[in-house]
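Q: Got a file for you: target-v4.cif, mmCIF, C-alpha atoms.
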data_upload
loop_
_atom_site.group_PDB
_atom_site.id
_atom_site.type_symbol
_atom_site.label_atom_id
_atom_site.label_comp_id
_atom_site.auth_asym_id
_atom_site.auth_seq_id
_atom_site.Cartn_x
_atom_site.Cartn_y
_atom_site.Cartn_z
ATOM 1 C CA MET A 1 0.000 0.000 0.000
ATOM 2 C CA THR A 2 1.267 3.425 -0.878
ATOM 3 C CA ALA A 3 0.259 7.089 -0.850
ATOM 4 C CA THR A 4 -0.493 9.551 -3.651
ATOM 5 C CA THR A 5 -2.255 12.844 -4.128
ATOM 6 C CA PRO A 6 -6.031 13.084 -3.807
ATOM 7 C CA ASP A 7 -6.138 14.779 -7.230
ATOM 8 C CA VAL A 8 -4.664 11.689 -8.899
ATOM 9 C CA LEU A 9 -7.162 9.437 -7.114
ATOM 10 C CA ALA A 10 -10.089 11.689 -8.055
ATOM 11 C CA ALA A 11 -9.011 11.672 -11.719
ATOM 12 C CA LEU A 12 -8.742 7.862 -11.776
ATOM 13 C CA HIS A 13 -12.082 7.544 -9.986
ATOM 14 C CA ALA A 14 -13.711 9.854 -12.551
ATOM 15 C CA GLU A 15 -12.524 7.587 -15.364
ATOM 16 C CA ALA A 16 -13.988 4.537 -13.640
ATOM 17 C CA PHE A 17 -17.332 5.792 -12.289
ATOM 18 C CA ALA A 18 -20.297 7.828 -13.502
ATOM 19 C CA SER A 19 -20.598 9.432 -10.045
ATOM 20 C CA PRO A 20 -16.970 9.891 -8.983
ATOM 21 C CA TRP A 21 -15.597 11.113 -5.681
ATOM 22 C CA ASP A 22 -13.789 14.434 -5.717
ATOM 23 C CA ALA A 23 -10.296 15.221 -4.416
ATOM 24 C CA GLN A 24 -11.695 16.531 -1.117
ATOM 25 C CA ALA A 25 -13.413 13.200 -0.463
ATOM 26 C CA PHE A 26 -10.074 11.430 -0.928
ATOM 27 C CA THR A 27 -8.297 13.987 1.247
ATOM 28 C CA ASN A 28 -10.806 13.314 4.025
ATOM 29 C CA LEU A 29 -10.589 9.529 3.685
ATOM 30 C CA LEU A 30 -6.797 9.381 3.557
ATOM 31 C CA ALA A 31 -6.620 11.444 6.759
ATOM 32 C CA GLN A 32 -8.615 8.828 8.679
ATOM 33 C CA PRO A 33 -6.832 6.229 10.810
ATOM 34 C CA GLY A 34 -6.758 2.744 9.344
ATOM 35 C CA VAL A 35 -7.242 3.822 5.716
ATOM 36 C CA LEU A 36 -4.848 2.086 3.320
ATOM 37 C CA LEU A 37 -4.293 2.692 -0.376
ATOM 38 C CA GLY A 38 -3.133 0.235 -3.031
ATOM 39 C CA LEU A 39 -2.112 2.142 -6.146
ATOM 40 C CA ASP A 40 -1.253 1.152 -9.699
ATOM 41 C CA THR A 41 -0.801 3.326 -12.782
ATOM 42 C CA ASP A 42 -4.232 2.285 -14.079
ATOM 43 C CA GLY A 43 -6.198 1.914 -10.865
ATOM 44 C CA PHE A 44 -6.331 1.785 -7.099
ATOM 45 C CA ILE A 45 -8.091 0.251 -4.136
ATOM 46 C CA LEU A 46 -8.883 2.024 -0.883
ATOM 47 C CA ILE A 47 -9.660 0.087 2.295
ATOM 48 C CA ARG A 48 -10.288 0.912 5.938
ATOM 49 C CA VAL A 49 -9.243 -1.378 8.791
ATOM 50 C CA VAL A 50 -10.913 -1.077 12.189
ATOM 51 C CA LEU A 51 -9.899 -3.630 14.812
ATOM 52 C CA ASP A 52 -10.346 -7.073 13.216
ATOM 53 C CA GLU A 53 -12.538 -5.969 10.295
ATOM 54 C CA ALA A 54 -11.733 -4.209 7.044
ATOM 55 C CA GLU A 55 -13.862 -2.723 4.287
ATOM 56 C CA ILE A 56 -13.134 -2.008 0.651
ATOM 57 C CA LEU A 57 -14.207 1.615 0.283
ATOM 58 C CA THR A 58 -13.652 1.775 -3.474
ATOM 59 C CA LEU A 59 -11.874 -0.022 -6.283
ATOM 60 C CA ALA A 60 -11.271 1.905 -9.497
ATOM 61 C CA VAL A 61 -9.685 0.637 -12.725
ATOM 62 C CA ARG A 62 -9.452 2.700 -15.905
ATOM 63 C CA PRO A 63 -11.862 1.343 -18.538
ATOM 64 C CA ASP A 64 -9.074 0.622 -21.048
ATOM 65 C CA ALA A 65 -7.174 -1.395 -18.405
ATOM 66 C CA ARG A 66 -10.081 -3.635 -17.383
ATOM 67 C CA ARG A 67 -10.250 -7.393 -17.905
ATOM 68 C CA GLN A 68 -6.467 -7.711 -17.629
ATOM 69 C CA GLY A 69 -6.260 -8.878 -14.010
ATOM 70 C CA LEU A 70 -5.530 -5.522 -12.377
ATOM 71 C CA GLY A 71 -8.723 -5.508 -10.295
ATOM 72 C CA ARG A 72 -7.951 -8.987 -9.005
ATOM 73 C CA ARG A 73 -4.367 -8.006 -8.130
ATOM 74 C CA LEU A 74 -5.574 -4.915 -6.278
ATOM 75 C CA VAL A 75 -8.150 -6.946 -4.330
ATOM 76 C CA GLU A 76 -5.537 -9.534 -3.379
ATOM 77 C CA ARG A 77 -3.095 -6.793 -2.357
ATOM 78 C CA ALA A 78 -5.845 -5.285 -0.191
ATOM 79 C CA CYS A 79 -6.520 -8.667 1.425
ATOM 80 C CA VAL A 80 -2.844 -9.071 2.312
ATOM 81 C CA ALA A 81 -2.630 -5.517 3.689
ATOM 82 C CA ALA A 82 -5.859 -5.879 5.689
ATOM 83 C CA LYS A 83 -4.701 -9.147 7.203
ATOM 84 C CA ALA A 84 -1.292 -7.640 8.047
ATOM 85 C CA ALA A 85 -3.116 -4.777 9.785
ATOM 86 C CA GLY A 86 -5.009 -7.262 11.969
ATOM 87 C CA ALA A 87 -8.253 -7.783 10.049
ATOM 88 C CA ALA A 88 -9.804 -11.247 9.976
ATOM 89 C CA THR A 89 -12.661 -10.300 7.648
ATOM 90 C CA LEU A 90 -12.981 -8.014 4.635
ATOM 91 C CA PHE A 91 -16.335 -6.518 3.623
ATOM 92 C CA LEU A 92 -17.596 -4.494 0.674
ATOM 93 C CA GLU A 93 -20.739 -3.368 -1.080
ATOM 94 C CA VAL A 94 -21.272 -3.691 -4.825
ATOM 95 C CA ALA A 95 -24.112 -2.615 -7.086
ATOM 96 C CA GLU A 96 -26.333 -5.556 -7.937
ATOM 97 C CA ASP A 97 -26.218 -4.687 -11.644
ATOM 98 C CA ASN A 98 -22.389 -4.601 -11.789
ATOM 99 C CA ALA A 99 -21.843 -8.099 -13.188
ATOM 100 C CA ALA A 100 -18.114 -7.652 -13.842
ATOM 101 C CA ALA A 101 -17.381 -6.517 -10.274
ATOM 102 C CA ARG A 102 -19.578 -9.251 -8.810
ATOM 103 C CA ALA A 103 -17.670 -11.875 -10.824
ATOM 104 C CA LEU A 104 -14.332 -10.414 -9.703
ATOM 105 C CA TYR A 105 -15.332 -10.550 -6.047
ATOM 106 C CA ALA A 106 -16.773 -14.067 -6.339
ATOM 107 C CA ARG A 107 -13.482 -15.303 -7.857
ATOM 108 C CA ALA A 108 -11.642 -13.593 -4.990
ATOM 109 C CA GLY A 109 -13.620 -15.579 -2.406
ATOM 110 C CA PHE A 110 -16.290 -13.069 -1.358
ATOM 111 C CA VAL A 111 -19.771 -14.326 -0.498
ATOM 112 C CA GLU A 112 -23.036 -12.403 -0.307
ATOM 113 C CA ILE A 113 -24.227 -11.733 3.229
ATOM 114 C CA GLY A 114 -26.934 -9.121 2.732
ATOM 115 C CA ARG A 115 -28.563 -6.456 0.628
ATOM 116 C CA ARG A 116 -29.250 -2.736 0.903
ATOM 117 C CA LYS A 117 -32.387 -1.943 -1.052
ATOM 118 C CA ALA A 118 -32.193 1.006 -3.468
ATOM 119 C CA TYR A 119 -28.756 2.036 -2.171
ATOM 120 C CA TYR A 120 -27.063 3.335 -5.332
ATOM 121 C CA PRO A 121 -28.480 5.910 -7.754
ATOM 122 C CA GLY A 122 -28.734 4.559 -11.296
ATOM 123 C CA PRO A 123 -27.982 6.602 -14.411
ATOM 124 C CA ASP A 124 -31.655 6.633 -15.371
ATOM 125 C CA GLY A 125 -32.866 7.809 -11.968
ATOM 126 C CA ARG A 126 -33.866 4.390 -10.658
ATOM 127 C CA ARG A 127 -32.261 3.043 -7.488
ATOM 128 C CA ILE A 128 -30.034 -0.053 -7.514
ATOM 129 C CA ASP A 129 -29.636 -2.513 -4.647
ATOM 130 C CA ALA A 130 -26.213 -2.922 -3.062
ATOM 131 C CA LEU A 131 -25.042 -6.415 -2.225
ATOM 132 C CA ALA A 132 -23.003 -6.748 0.951
ATOM 133 C CA LEU A 133 -20.137 -9.200 0.516
ATOM 134 C CA ARG A 134 -17.675 -10.760 2.949
ATOM 135 C CA ARG A 135 -14.367 -12.609 2.722
ATOM 136 C CA ASP A 136 -12.740 -14.529 5.541
ATOM 137 C CA LEU A 137 -9.071 -13.516 5.385
ATOM 138 C CA SER A 138 -7.895 -16.674 7.148
ATOM 139 C CA VAL A 139 -8.886 -18.760 4.119
ATOM 140 C CA ASP A 140 -7.164 -18.694 0.725
ATOM 141 C CA PRO A 141 -10.079 -18.666 -1.760
ATOM 142 C CA LEU A 142 -7.989 -20.529 -4.343
ATOM 143 C CA THR A 143 -7.261 -23.451 -2.005
ATOM 144 C CA PRO A 144 -10.104 -25.938 -1.532
ATOM 145 C CA ALA A 145 -11.262 -26.439 2.044
ATOM 146 C CA LEU A 146 -10.335 -29.746 3.650
ATOM 147 C CA PRO A 147 -13.208 -32.101 4.500
#
Could I get this file's structure written as structure tokens?
A:
Amino acid sequence: MTATTPDVLAALHAEAFASPWDAQAFTNLLAQPGVLLGLDTDGFILIRVVLDEAEILTLAVRPDARRQGLGRRLVERACVAAKAAGAATLFLEVAEDNAAARALYARAGFVEIGRRKAYYPGPDGRRIDALALRRDLSVDPLTPALP
């Protein structure tokens, strides 16, 4: 995990999302205790660790860099950093209609644990449910569980 300027994060976020966070939002988040940043040229992941739990706050990958494994590498880097910071569990919320992100998180070992009805604003004005996901950091999702 590394640090960078909020302006760089805001610019990357704007490329990745229709409703991006501004530089001030990143300034505020990065000033909070337990917030960690994983940065790559084409994307980043921001997590917060509190006691033995962590949360992915946002994951942004430039559209022209998607489907090349960067999102997966950032998620795995975040899992390692969260575990090193004392977290046993990593949580996140994802829009129900974001099939690519849902597939990424499923491959990374996250499971659905709940739903927030009408949480995200959609581009057409309708509201989209958020799915709450969880990953146990003590288990490698690529290694099958023993019977």
Q: Out of A:Leu9, A:Ala78, A:Ala95, A:Ile113, which residue has the shortest atom-to-atom distance to A:Arg127 when counting only C-alpha atoms?
A: A:Ala95
Q: Could you give me, as a PyMOL selection string, the residues that sit within 12 Å of (-20.7, -9.1, -3.1) in the file's coordinates, counting only C-alpha atoms?
A: chain A and resi 55-56+90-116+129-135
Q: Pick the closest to A:Val49 from A:Gln32, A:Gln68, A:Thr27, A:Ser19: which is it, counting all atoms listed in the file?
A: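 So, comparing all the options, the nearest one is A:Gln32.
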Q: Skip A:Asp64 itself and residues of its chain fewer than 4 positions away, then list as a list in words all residues within 10 Å of it, counting only C-alpha atoms.
A: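 Close residues of A:Asp64: Glu15, Ala16, Asp42 and Gln68 of chain A.
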Q: Using the chain letters and residue numbers of this document, give as a PyMOL selection string the residues selected by the PyMOL selection byres ((chain A and resi 23) around 6).
A: chain A and resi 6-7+10+22+24-26
Q: Box time for stretch 72-80 of chain A: axis-aligned, enclosing all its listed atoms, 6 Å extra on each side; report centre and edge lengths in Å to one decimal, as AutoDock Vina command-line options.
A:
--center_x -5.5 --center_y -7.2 --center_z -3.3 --size_x 17.3 --size_y 16.6 --size_z 23.3
Q: Name the residues captured by the PyMOL selection byres ((chain A and resi 52) around 6) when it is applied to the shown file; answer as a list in words.
A: Leu51, Glu53, Gly86, Ala87 and Ala88 of chain A
Q: Can you work out the spacing between atom CA of A:Tyr120 and atom CA of A:Val80 in Å, to one decimal?
A: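 Pair atom CA of A:Tyr120 / atom CA of A:Val80 returns 28.3 Å.
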Q: What gap, in Å, lies between atom CA of A:Arg73 and atom CA of A:Tyr119?
A: 27.0 Å
Q: One number please: atom CA of A:Thr58 to atom CA of A:Asp40, in Å, one decimal.
A: 13.9 Å
Q: Nearest residue to A:Ala85 out of A:Ala60, A:Leu70, A:Leu36, A:Ala118, using only C-alpha atoms?
A: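 Distance minimum relative to A:Ala85 lands on A:Leu36.
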Q: List the neighbours of A:Val61 out to 7 Å using all atoms listed in the file; skip same-chain residues closer than 4 positions along the sequence, and give me the result as a list in words.
A: Ala16, Asp42, Gly43, Phe44, Ala65, Arg66 and Gly71 of chain A
Q: Using all atoms listed in the file, pick whichever of A:Val35, A:Ala18, A:Ile45, A:Ala54 has the shortest atom-to-atom distance to A:Leu74.
A: A:Ile45
Q: Take stretch 82-95 of chain A, model N, CA, C and O atoms, and hand the result over as an mmCIF file, keeping the file's coordinate frame.
A:
data_model
loop_
_atom_site.group_PDB
_atom_site.id
_atom_site.type_symbol
_atom_site.label_atom_id
_atom_site.label_comp_id
_atom_site.auth_asym_id
_atom_site.auth_seq_id
_atom_site.Cartn_x
_atom_site.Cartn_y
_atom_site.Cartn_z
ATOM 1 N N ALA A 82 -4.863 -5.854 4.609
ATOM 2 C CA ALA A 82 -5.859 -5.879 5.689
ATOM 3 C C ALA A 82 -5.493 -6.920 6.737
ATOM 4 O O ALA A 82 -5.558 -6.655 7.941
ATOM 5 N N LYS A 83 -5.088 -8.081 6.271
ATOM 6 C CA LYS A 83 -4.701 -9.147 7.203
ATOM 7 C C LYS A 83 -3.476 -8.722 8.010
ATOM 8 O O LYS A 83 -3.417 -8.933 9.220
ATOM 9 N N ALA A 84 -2.496 -8.108 7.350
ATOM 10 C CA ALA A 84 -1.292 -7.640 8.047
ATOM 11 C C ALA A 84 -1.625 -6.573 9.081
ATOM 12 O O ALA A 84 -0.934 -6.448 10.095
ATOM 13 N N ALA A 85 -2.696 -5.819 8.851
ATOM 14 C CA ALA A 85 -3.116 -4.777 9.785
ATOM 15 C C ALA A 85 -4.015 -5.327 10.894
ATOM 16 O O ALA A 85 -4.504 -4.565 11.731
ATOM 17 N N GLY A 86 -4.253 -6.639 10.890
ATOM 18 C CA GLY A 86 -5.009 -7.262 11.969
ATOM 19 C C GLY A 86 -6.433 -7.638 11.644
ATOM 20 O O GLY A 86 -7.158 -8.144 12.506
ATOM 21 N N ALA A 87 -6.872 -7.446 10.416
ATOM 22 C CA ALA A 87 -8.253 -7.783 10.049
ATOM 23 C C ALA A 87 -8.385 -9.280 9.794
ATOM 24 O O ALA A 87 -7.502 -9.901 9.203
ATOM 25 N N ALA A 88 -9.494 -9.844 10.237
ATOM 26 C CA ALA A 88 -9.804 -11.247 9.976
ATOM 27 C C ALA A 88 -10.848 -11.383 8.876
ATOM 28 O O ALA A 88 -10.991 -12.446 8.271
ATOM 29 N N THR A 89 -11.570 -10.292 8.616
ATOM 30 C CA THR A 89 -12.661 -10.300 7.648
ATOM 31 C C THR A 89 -12.606 -9.027 6.825
ATOM 32 O O THR A 89 -12.298 -7.950 7.348
ATOM 33 N N LEU A 90 -12.935 -9.160 5.536
ATOM 34 C CA LEU A 90 -12.981 -8.014 4.635
ATOM 35 C C LEU A 90 -14.377 -7.930 4.040
ATOM 36 O O LEU A 90 -14.903 -8.933 3.545
ATOM 37 N N PHE A 91 -14.979 -6.755 4.113
ATOM 38 C CA PHE A 91 -16.335 -6.518 3.623
ATOM 39 C C PHE A 91 -16.310 -5.534 2.463
ATOM 40 O O PHE A 91 -15.362 -4.770 2.293
ATOM 41 N N LEU A 92 -17.397 -5.505 1.704
ATOM 42 C CA LEU A 92 -17.596 -4.494 0.674
ATOM 43 C C LEU A 92 -19.056 -4.482 0.270
ATOM 44 O O LEU A 92 -19.820 -5.389 0.617
ATOM 45 N N GLU A 93 -19.417 -3.448 -0.458
ATOM 46 C CA GLU A 93 -20.739 -3.368 -1.080
ATOM 47 C C GLU A 93 -20.539 -3.152 -2.563
ATOM 48 O O GLU A 93 -19.637 -2.415 -2.974
ATOM 49 N N VAL A 94 -21.365 -3.798 -3.375
ATOM 50 C CA VAL A 94 -21.272 -3.691 -4.825
ATOM 51 C C VAL A 94 -22.682 -3.566 -5.394
ATOM 52 O O VAL A 94 -23.620 -4.172 -4.873
ATOM 53 N N ALA A 95 -22.810 -2.774 -6.440
ATOM 54 C CA ALA A 95 -24.112 -2.615 -7.086
ATOM 55 C C ALA A 95 -24.554 -3.947 -7.684
ATOM 56 O O ALA A 95 -23.772 -4.636 -8.345
#
